[in-house]
>>> print(open('data18.csv').read())   # CSV, C-alpha atoms and all ligand atoms
chain,number,residue,atom,x,y,z
A,1,MET,CA,136.2,75.5,71.6
A,2,TYR,CA,133.5,75.2,74.2
A,3,ASP,CA,129.9,74.3,74.0
A,4,VAL,CA,128.9,77.1,76.3
A,5,VAL,CA,130.5,80.3,77.4
A,6,VAL,CA,129.1,82.0,80.5
A,7,VAL,CA,129.9,85.6,81.1
A,8,GLY,CA,130.0,86.6,84.8
A,9,GLY,CA,130.8,84.5,87.9
A,10,GLY,CA,128.0,85.7,90.2
A,11,ALA,CA,125.6,83.2,91.8
A,12,VAL,CA,123.5,82.9,88.6
A,13,GLY,CA,126.4,82.5,86.2
A,14,LEU,CA,128.2,79.9,88.4
A,15,TYR,CA,125.0,77.9,89.0
A,16,LEU,CA,124.1,77.9,85.3
A,17,ALA,CA,127.6,77.0,84.2
A,18,ARG,CA,127.5,74.0,86.6
A,19,LYS,CA,124.1,72.9,85.3
A,20,PHE,CA,125.4,72.9,81.7
A,21,ALA,CA,128.6,71.0,82.7
A,22,GLU,CA,126.5,68.4,84.5
A,23,LYS,CA,124.7,67.8,81.2
A,24,ASN,CA,128.1,67.0,79.6
A,25,SER,CA,128.6,70.4,77.9
A,26,SER,CA,132.1,71.8,78.0
A,27,VAL,CA,131.8,75.2,79.7
A,28,LEU,CA,134.0,78.2,80.0
A,29,LEU,CA,133.1,80.9,82.6
A,30,LEU,CA,134.7,84.3,82.4
A,31,GLU,CA,134.7,86.6,85.4
A,32,LYS,CA,136.1,90.1,85.2
A,33,LYS,CA,136.9,90.4,88.9
A,34,GLU,CA,139.9,88.9,90.6
A,35,LYS,CA,137.9,87.1,93.3
A,36,ILE,CA,134.5,85.4,93.5
A,37,GLY,CA,132.0,86.5,96.0
A,38,GLN,CA,132.5,90.2,96.6
A,39,LYS,CA,129.0,91.5,96.1
A,40,PRO,CA,127.0,94.2,97.8
A,41,CYS,CA,124.1,92.1,99.1
A,42,SER,CA,122.1,92.0,102.4
A,43,GLY,CA,121.8,88.3,102.1
A,44,LEU,CA,118.0,88.1,102.6
A,45,VAL,CA,116.4,85.2,100.7
A,46,SER,CA,113.3,83.1,100.7
A,47,SER,CA,113.3,79.4,101.3
A,48,LYS,CA,113.2,78.9,97.5
A,49,ILE,CA,117.0,78.9,97.9
A,50,PHE,CA,116.8,75.2,98.8
A,51,GLU,CA,115.9,74.5,95.2
A,52,PHE,CA,119.4,75.5,94.3
A,53,ILE,CA,121.6,74.1,97.0
A,54,ASN,CA,122.1,70.5,98.2
A,55,LYS,CA,120.5,69.3,101.4
A,56,GLY,CA,122.9,69.5,104.4
A,57,GLU,CA,125.2,71.9,102.5
A,58,ASP,CA,123.7,75.1,103.9
A,59,ASP,CA,126.2,76.3,106.4
A,60,PHE,CA,126.2,79.7,104.8
A,61,ILE,CA,122.6,80.3,106.2
A,62,GLU,CA,123.2,82.4,109.3
A,63,ASN,CA,119.7,83.2,110.5
A,64,GLU,CA,115.9,82.7,110.0
A,65,PHE,CA,113.1,85.2,110.2
A,66,LEU,CA,109.3,85.1,110.1
A,67,LYS,CA,108.9,88.6,108.9
A,68,ALA,CA,111.0,91.0,106.9
A,69,ARG,CA,110.6,94.6,105.8
A,70,ILE,CA,112.2,95.4,102.6
A,71,TRP,CA,113.0,98.8,101.1
A,72,LEU,CA,112.8,98.8,97.4
A,73,GLU,CA,112.8,101.7,94.9
A,74,GLY,CA,111.4,104.2,97.4
A,75,ASN,CA,108.9,101.9,99.1
A,76,PHE,CA,108.7,99.4,101.9
A,77,PHE,CA,107.1,96.0,101.4
A,78,ASP,CA,106.6,93.5,104.1
A,79,PHE,CA,107.5,89.9,103.6
A,80,ASN,CA,105.6,87.4,105.8
A,81,GLY,CA,106.7,83.8,105.8
A,82,LYS,CA,110.0,82.2,106.3
A,83,ALA,CA,113.0,84.4,105.3
A,84,LEU,CA,116.6,83.4,105.6
A,85,LEU,CA,119.7,85.4,106.0
A,86,LEU,CA,122.7,84.0,104.3
A,87,ASN,CA,126.4,84.9,103.9
A,88,ARG,CA,126.5,86.0,100.3
A,89,GLU,CA,130.2,85.6,100.0
A,90,LYS,CA,130.0,82.0,101.2
A,91,LEU,CA,127.1,81.3,98.8
A,92,ASP,CA,129.0,82.4,95.8
A,93,LYS,CA,132.0,80.4,96.9
A,94,TYR,CA,129.8,77.4,97.3
A,95,PHE,CA,128.5,77.8,93.7
A,96,PHE,CA,132.1,78.4,92.6
A,97,GLU,CA,133.3,75.1,94.2
A,98,LYS,CA,130.4,73.2,92.7
A,99,ALA,CA,131.0,74.6,89.2
A,100,LYS,CA,134.7,73.8,89.4
A,101,LYS,CA,134.0,70.2,90.6
A,102,ALA,CA,131.5,69.8,87.6
A,103,GLY,CA,134.4,70.6,85.3
A,104,VAL,CA,133.6,74.2,84.4
A,105,ASP,CA,136.8,76.0,83.2
A,106,ILE,CA,136.6,79.2,85.3
A,107,ARG,CA,138.9,82.1,84.4
A,108,LEU,CA,139.1,85.1,86.7
A,109,LYS,CA,140.3,88.6,85.7
A,110,LYS,CA,138.8,88.0,82.2
A,111,GLU,CA,136.5,90.7,81.1
A,112,VAL,CA,134.3,90.2,78.0
A,113,ARG,CA,134.5,93.4,76.1
A,114,LYS,CA,133.0,92.5,72.7
A,115,ILE,CA,131.0,89.6,71.3
A,116,GLU,CA,131.6,89.2,67.6
A,117,LYS,CA,128.5,89.5,65.3
A,118,TYR,CA,129.5,86.4,63.4
A,119,LYS,CA,129.2,82.9,64.8
A,120,ILE,CA,131.1,79.8,63.5
A,121,ASN,CA,129.3,76.6,64.2
A,122,THR,CA,131.2,73.4,63.6
A,123,PRO,CA,130.8,69.9,65.1
A,124,HIS,CA,133.2,68.9,67.9
A,125,TYR,CA,133.4,65.1,67.2
A,126,ALA,CA,136.6,64.1,65.4
A,127,GLY,CA,134.8,62.4,62.4
A,128,SER,CA,133.0,65.5,61.3
A,129,SER,CA,134.9,68.5,62.7
A,130,CYS,CA,137.4,68.9,59.8
A,131,ALA,CA,137.3,72.2,57.9
A,132,LEU,CA,133.5,72.6,57.7
A,133,ALA,CA,131.5,75.3,59.2
A,134,ASN,CA,128.1,77.0,59.2
A,135,VAL,CA,128.7,80.7,59.7
A,136,THR,CA,126.0,83.3,60.6
A,137,MET,CA,126.2,87.0,60.7
A,138,GLU,CA,124.0,89.0,63.0
A,139,GLY,CA,121.7,91.4,61.1
A,140,MET,CA,121.9,89.5,57.8
A,141,THR,CA,120.0,86.7,56.4
A,142,ALA,CA,122.1,83.8,55.1
A,143,THR,CA,121.3,84.8,51.5
A,144,GLU,CA,122.4,88.4,52.2
A,145,PHE,CA,125.5,87.2,54.0
A,146,SER,CA,126.5,84.9,51.1
A,147,ALA,CA,125.8,87.6,48.5
A,148,ALA,CA,128.0,90.1,50.5
A,149,LEU,CA,130.9,87.6,50.7
A,150,TRP,CA,130.7,87.0,46.9
A,151,ASP,CA,130.1,90.6,45.8
A,152,ARG,CA,132.6,92.3,48.0
A,153,TYR,CA,135.3,89.6,48.5
A,154,GLN,CA,134.7,87.0,45.7
A,155,ILE,CA,134.4,84.3,48.4
A,156,PHE,CA,131.9,81.7,47.3
A,157,THR,CA,129.6,80.1,49.9
A,158,VAL,CA,126.3,78.3,49.9
A,159,ALA,CA,123.5,80.0,51.8
A,160,ILE,CA,121.2,77.8,53.8
A,161,GLU,CA,117.8,79.1,54.7
A,162,HIS,CA,116.2,76.1,56.3
A,163,PRO,CA,113.6,76.4,59.1
A,164,ILE,CA,116.1,74.8,61.6
A,165,VAL,CA,119.5,75.6,60.1
A,166,LYS,CA,120.4,79.0,58.8
A,167,GLY,CA,123.8,80.4,57.7
A,168,VAL,CA,126.4,80.0,55.0
A,169,ARG,CA,128.3,76.8,54.6
A,170,ILE,CA,132.0,77.3,54.3
A,171,THR,CA,134.3,74.5,53.2
A,172,PRO,CA,137.8,75.4,52.3
A,173,HIS,CA,139.1,73.6,49.2
A,174,LEU,CA,142.3,71.6,49.3
A,175,SER,CA,143.9,74.2,47.0
A,176,ASN,CA,143.1,77.1,49.4
A,177,SER,CA,146.1,78.7,50.9
A,178,ILE,CA,146.6,80.3,54.4
A,179,ALA,CA,146.3,83.7,52.6
A,180,ASP,CA,142.8,82.7,51.4
A,181,ILE,CA,141.8,81.8,55.0
A,182,GLU,CA,143.2,85.1,56.2
A,183,ARG,CA,141.1,86.8,53.5
A,184,LEU,CA,138.0,85.1,54.8
A,185,LYS,CA,138.9,86.1,58.4
A,186,SER,CA,139.3,89.8,57.3
A,187,ALA,CA,136.0,89.7,55.4
A,188,LEU,CA,134.1,88.3,58.4
A,189,LYS,CA,135.7,91.0,60.6
A,190,GLU,CA,134.9,93.8,58.1
A,191,LEU,CA,131.2,92.6,57.6
A,192,ALA,CA,130.8,92.4,61.4
A,193,SER,CA,132.1,96.0,62.0
A,201,LIG,C1,123.1,96.7,98.3
A,201,LIG,C2,122.4,95.5,97.8
A,201,LIG,C3,121.7,94.6,98.6
A,201,LIG,C4,121.1,93.5,98.1
A,201,LIG,N1,120.5,92.7,98.9
A,201,LIG,C5,119.9,91.6,98.5
A,201,LIG,C6,119.2,90.7,99.3
A,201,LIG,O1,119.1,90.9,100.5
A,201,LIG,N2,118.6,89.6,98.8
A,201,LIG,C7,118.6,89.3,97.5
A,201,LIG,O2,118.1,88.3,97.0
A,201,LIG,N3,119.3,90.2,96.6
A,201,LIG,C8,119.9,91.3,97.1
A,201,LIG,N4,120.6,92.1,96.2
A,201,LIG,C9,120.6,91.7,94.8
A,201,LIG,C10,121.6,90.6,94.5
A,201,LIG,O3,122.8,91.0,95.0
A,201,LIG,C11,121.6,90.4,93.0
A,201,LIG,O4,120.3,90.2,92.5
A,201,LIG,C12,122.5,89.2,92.7
A,201,LIG,O5,123.8,89.5,93.0
A,201,LIG,C13,122.4,88.9,91.2
A,201,LIG,O6,123.2,87.8,90.9
A,201,LIG,P1,123.9,87.6,89.5
A,201,LIG,O7,124.7,86.3,89.6
A,201,LIG,O8,122.8,87.6,88.5
A,201,LIG,O9,124.7,88.9,89.2
A,201,LIG,P2,126.0,89.4,90.0
A,201,LIG,O10,126.1,88.8,91.4
A,201,LIG,O11,126.0,90.9,89.8
A,201,LIG,O12,127.2,88.7,89.1
A,201,LIG,C14,127.5,89.2,87.8
A,201,LIG,C15,129.0,88.9,87.6
A,201,LIG,O13,129.3,89.2,86.3
A,201,LIG,C16,130.6,89.8,86.2
A,201,LIG,N5,130.7,90.6,85.0
A,201,LIG,C17,129.9,91.6,84.6
A,201,LIG,N6,130.2,92.0,83.3
A,201,LIG,C18,131.2,91.2,82.9
A,201,LIG,C19,132.0,91.1,81.7
A,201,LIG,N7,131.8,91.9,80.7
A,201,LIG,N8,132.9,90.2,81.6
A,201,LIG,C20,133.2,89.3,82.7
A,201,LIG,N9,132.5,89.3,83.8
A,201,LIG,C21,131.5,90.3,84.0
A,201,LIG,C22,130.6,90.7,87.5
A,201,LIG,O14,131.9,91.0,87.9
A,201,LIG,C23,129.9,89.8,88.5
A,201,LIG,O15,130.7,89.0,89.3
A,201,LIG,C24,121.2,93.2,96.7
A,201,LIG,C25,121.9,94.1,95.9
A,201,LIG,C26,122.5,95.2,96.4
A,201,LIG,C27,123.3,96.1,95.4
>>> encode(input="data18.csv", output="structure tokens")
Amino acid sequence: MYDVVVVGGGAVGLYLARKFAEKNSSVLLLEKKEKIGQKPCSGLVSSKIFEFINKGEDDFIENEFLKARIWLEGNFFDFNGKALLLNREKLDKYFFEKAKKAGVDIRLKKEVRKIEKYKINTPHYAGSSCALANVTMEGMTATEFSAALWDRYQIFTVAIEHPIVKGVRITPHLSNSIADIERLKSALKELAS
């Protein structure tokens, strides 16, 4: 279980993943390609790039301009001011190394194909993590979700419709068997389909 899952190891995904990790979140990043940094990109950026990279770590900047003419969706527009030309592959690799160093678990060749409609929220800390979860189902209110679990599968849950917390509270009983848990799993998959 991770606090945050980032899909896509481009510059933005890698940067955000690192920022979450630096705030002590456990972060998983999934990238479908085999390698980081193979992007079609001319590498032209403004000096705002310095908001995202550390001072003195800019050896991927290869040139500077005072004017640039950019062709975008059928039109030219002129950029006046300082523009920089960077090596995009090196930039992505820079963000990759930073993310790795911050503790992001980066997995390559992993494509996200489907995100389940249901979410299981449970605390991570040992004292509270036990078998207690707040479960939500996209497209249903907590009350509708709880009613569907009861009407269709005879699984009893408590719906929480609080301004801050919404979802159904699921707490398996000591007498529940593995088969009961499997039934809950099938019910969640069926309702999400
Ligand atoms: C020809 C060209 C020239 C360009 N020139 C410039 C330029 O000069 N200056 C500029 O600022 N911008 C330029 N751009 C735009 C720039 O490349 C993009 O804005 C930038 O790459 C976006 O970064 P990103 O991290 O958001 O997305 P990306 O770099 O596209 O990264 C997204 C990543 O997500 C991965 N991914 C996607 N779906 C999944 C999935 N389901 N599961 C797992 N992984 C997934 C992809 O493989 C990819 O690595 C150019 C673009 C093109 C096409």
>>> closest_atom_pairs(input="data18.csv", of="chain A", to="ligand LIG 201 (chain A)", cutoff="9 Å", atoms="only C-alpha atoms and all ligand atoms", output="Markdown table")
| residue | atom | partner | partner_atom | distance |
| --- | --- | --- | --- | --- |
| A:Val6 | CA | A:LIG201 | C20 | 8.7 |
| A:Val7 | CA | A:LIG201 | C20 | 5.2 |
| A:Gly8 | CA | A:LIG201 | O13 | 3.1 |
| A:Gly9 | CA | A:LIG201 | O15 | 4.7 |
| A:Gly10 | CA | A:LIG201 | O12 | 3.3 |
| A:Ala11 | CA | A:LIG201 | O7 | 3.9 |
| A:Val12 | CA | A:LIG201 | O7 | 3.7 |
| A:Gly13 | CA | A:LIG201 | O7 | 5.4 |
| A:Leu14 | CA | A:LIG201 | O7 | 7.4 |
| A:Tyr15 | CA | A:LIG201 | O7 | 8.4 |
| A:Leu29 | CA | A:LIG201 | C20 | 8.4 |
| A:Leu30 | CA | A:LIG201 | C20 | 5.2 |
| A:Glu31 | CA | A:LIG201 | N9 | 3.8 |
| A:Lys32 | CA | A:LIG201 | C20 | 3.9 |
| A:Lys33 | CA | A:LIG201 | O14 | 5.1 |
| A:Glu34 | CA | A:LIG201 | O14 | 8.7 |
| A:Lys35 | CA | A:LIG201 | O15 | 8.5 |
| A:Ile36 | CA | A:LIG201 | O15 | 6.7 |
| A:Gly37 | CA | A:LIG201 | O15 | 7.3 |
| A:Gln38 | CA | A:LIG201 | O15 | 7.6 |
| A:Lys39 | CA | A:LIG201 | O10 | 6.1 |
| A:Pro40 | CA | A:LIG201 | C1 | 4.7 |
| A:Cys41 | CA | A:LIG201 | C4 | 3.5 |
| A:Ser42 | CA | A:LIG201 | O1 | 3.7 |
| A:Gly43 | CA | A:LIG201 | O1 | 4.1 |
| A:Leu44 | CA | A:LIG201 | O1 | 3.7 |
| A:Val45 | CA | A:LIG201 | O2 | 5.1 |
| A:Ser46 | CA | A:LIG201 | O2 | 8.0 |
| A:Ile70 | CA | A:LIG201 | O1 | 8.5 |
| A:Leu85 | CA | A:LIG201 | O1 | 7.8 |
| A:Leu86 | CA | A:LIG201 | O1 | 8.7 |
| A:Arg88 | CA | A:LIG201 | O3 | 8.2 |
| A:Asp92 | CA | A:LIG201 | O10 | 8.3 |
| A:Leu108 | CA | A:LIG201 | C20 | 8.3 |
| A:Lys109 | CA | A:LIG201 | C20 | 7.7 |
| A:Lys110 | CA | A:LIG201 | C20 | 5.8 |
| A:Glu111 | CA | A:LIG201 | N8 | 3.7 |
| A:Val112 | CA | A:LIG201 | N8 | 3.9 |
| A:Arg113 | CA | A:LIG201 | N7 | 5.5 |
| A:Lys114 | CA | A:LIG201 | N7 | 8.1 |
>>> residues_near_point(input="data18.csv", point="(135.7, 84.5, 44.7)", cutoff="12 Å", atoms="all atoms listed in the file", output="list in words")
Ser146, Ala147, Ala148, Leu149, Trp150, Asp151, Arg152, Tyr153, Gln154, Ile155, Phe156, Thr157, Asn176, Asp180, Arg183, Leu184 and Ala187 of chain A
>>> residues_around(input="data18.csv", residues="A:Leu28", least_positions_apart="6", cutoff="7 Å", atoms="only C-alpha atoms", output="number ranges by chain")
A: 2, 4-6, 104-106
>>> closest_residue(input="data18.csv", among="A:Phe65, A:Ile49, A:Lys19, A:Lys119", to="A:Lys98", atoms="all atoms listed in the file")
A:Lys19
>>> closest_residue(input="data18.csv", among="A:Val27, A:Ile61, A:Val165, A:Leu66", to="A:Ala83", atoms="all atoms listed in the file")
A:Leu66
>>> closest_residue(input="data18.csv", among="A:Glu64, A:Glu138, A:Glu182, A:Glu57", to="A:Gly81", atoms="all atoms listed in the file")
A:Glu64
>>> residues_near_point(input="data18.csv", point="(133.9, 87.0, 58.8)", cutoff="9 Å", atoms="only C-alpha atoms", output="number ranges by chain")
A: 117-119, 135-137, 149, 183-192
>>> write_last_selection(input="data18.csv", atoms="C-alpha atoms", output="compact mmCIF listing (two decimals), in the frame of the given file")
# COMPACT_ATOMS: atom_id res chain seq x y z
CA LYS A 117 128.50 89.50 65.30
CA TYR A 118 129.50 86.40 63.40
CA LYS A 119 129.20 82.90 64.80
CA VAL A 135 128.70 80.70 59.70
CA THR A 136 126.00 83.30 60.60
CA MET A 137 126.20 87.00 60.70
CA LEU A 149 130.90 87.60 50.70
CA ARG A 183 141.10 86.80 53.50
CA LEU A 184 138.00 85.10 54.80
CA LYS A 185 138.90 86.10 58.40
CA SER A 186 139.30 89.80 57.30
CA ALA A 187 136.00 89.70 55.40
CA LEU A 188 134.10 88.30 58.40
CA LYS A 189 135.70 91.00 60.60
CA GLU A 190 134.90 93.80 58.10
CA LEU A 191 131.20 92.60 57.60
CA ALA A 192 130.80 92.40 61.40
>>> atom_distance(input="data18.csv", atom1="atom CA of A:Ala17", atom2="atom CA of A:Ala99")
6.5 Å
>>> closest_residue(input="data18.csv", among="A:Ala179, A:Ala21, A:Ile115, A:Met140", to="A:Glu161", atoms="only C-alpha atoms")
A:Met140
>>> atom_distance(input="data18.csv", atom1="atom CA of A:Ile181", atom2="atom CA of A:Asn121")
16.4 Å
>>> atom_distance(input="data18.csv", atom1="atom CA of A:Thr143", atom2="atom CA of A:Val158")
8.4 Å
>>> residues_around(input="data18.csv", residues="A:Lys90", least_positions_apart="3", cutoff="9 Å", atoms="all atoms listed in the file", output="ChimeraX atom specification")
/A:37,59-60,86-87,93-95
>>> closest_residue(input="data18.csv", among="A:Trp71, A:Ala133, A:Phe50, A:Arg18", to="A:Glu97", atoms="only C-alpha atoms")
A:Arg18
>>> closest_residue(input="data18.csv", among="A:Leu16, A:Ser193, A:Lys82, A:Glu22", to="A:Lys101", atoms="only C-alpha atoms")
A:Glu22
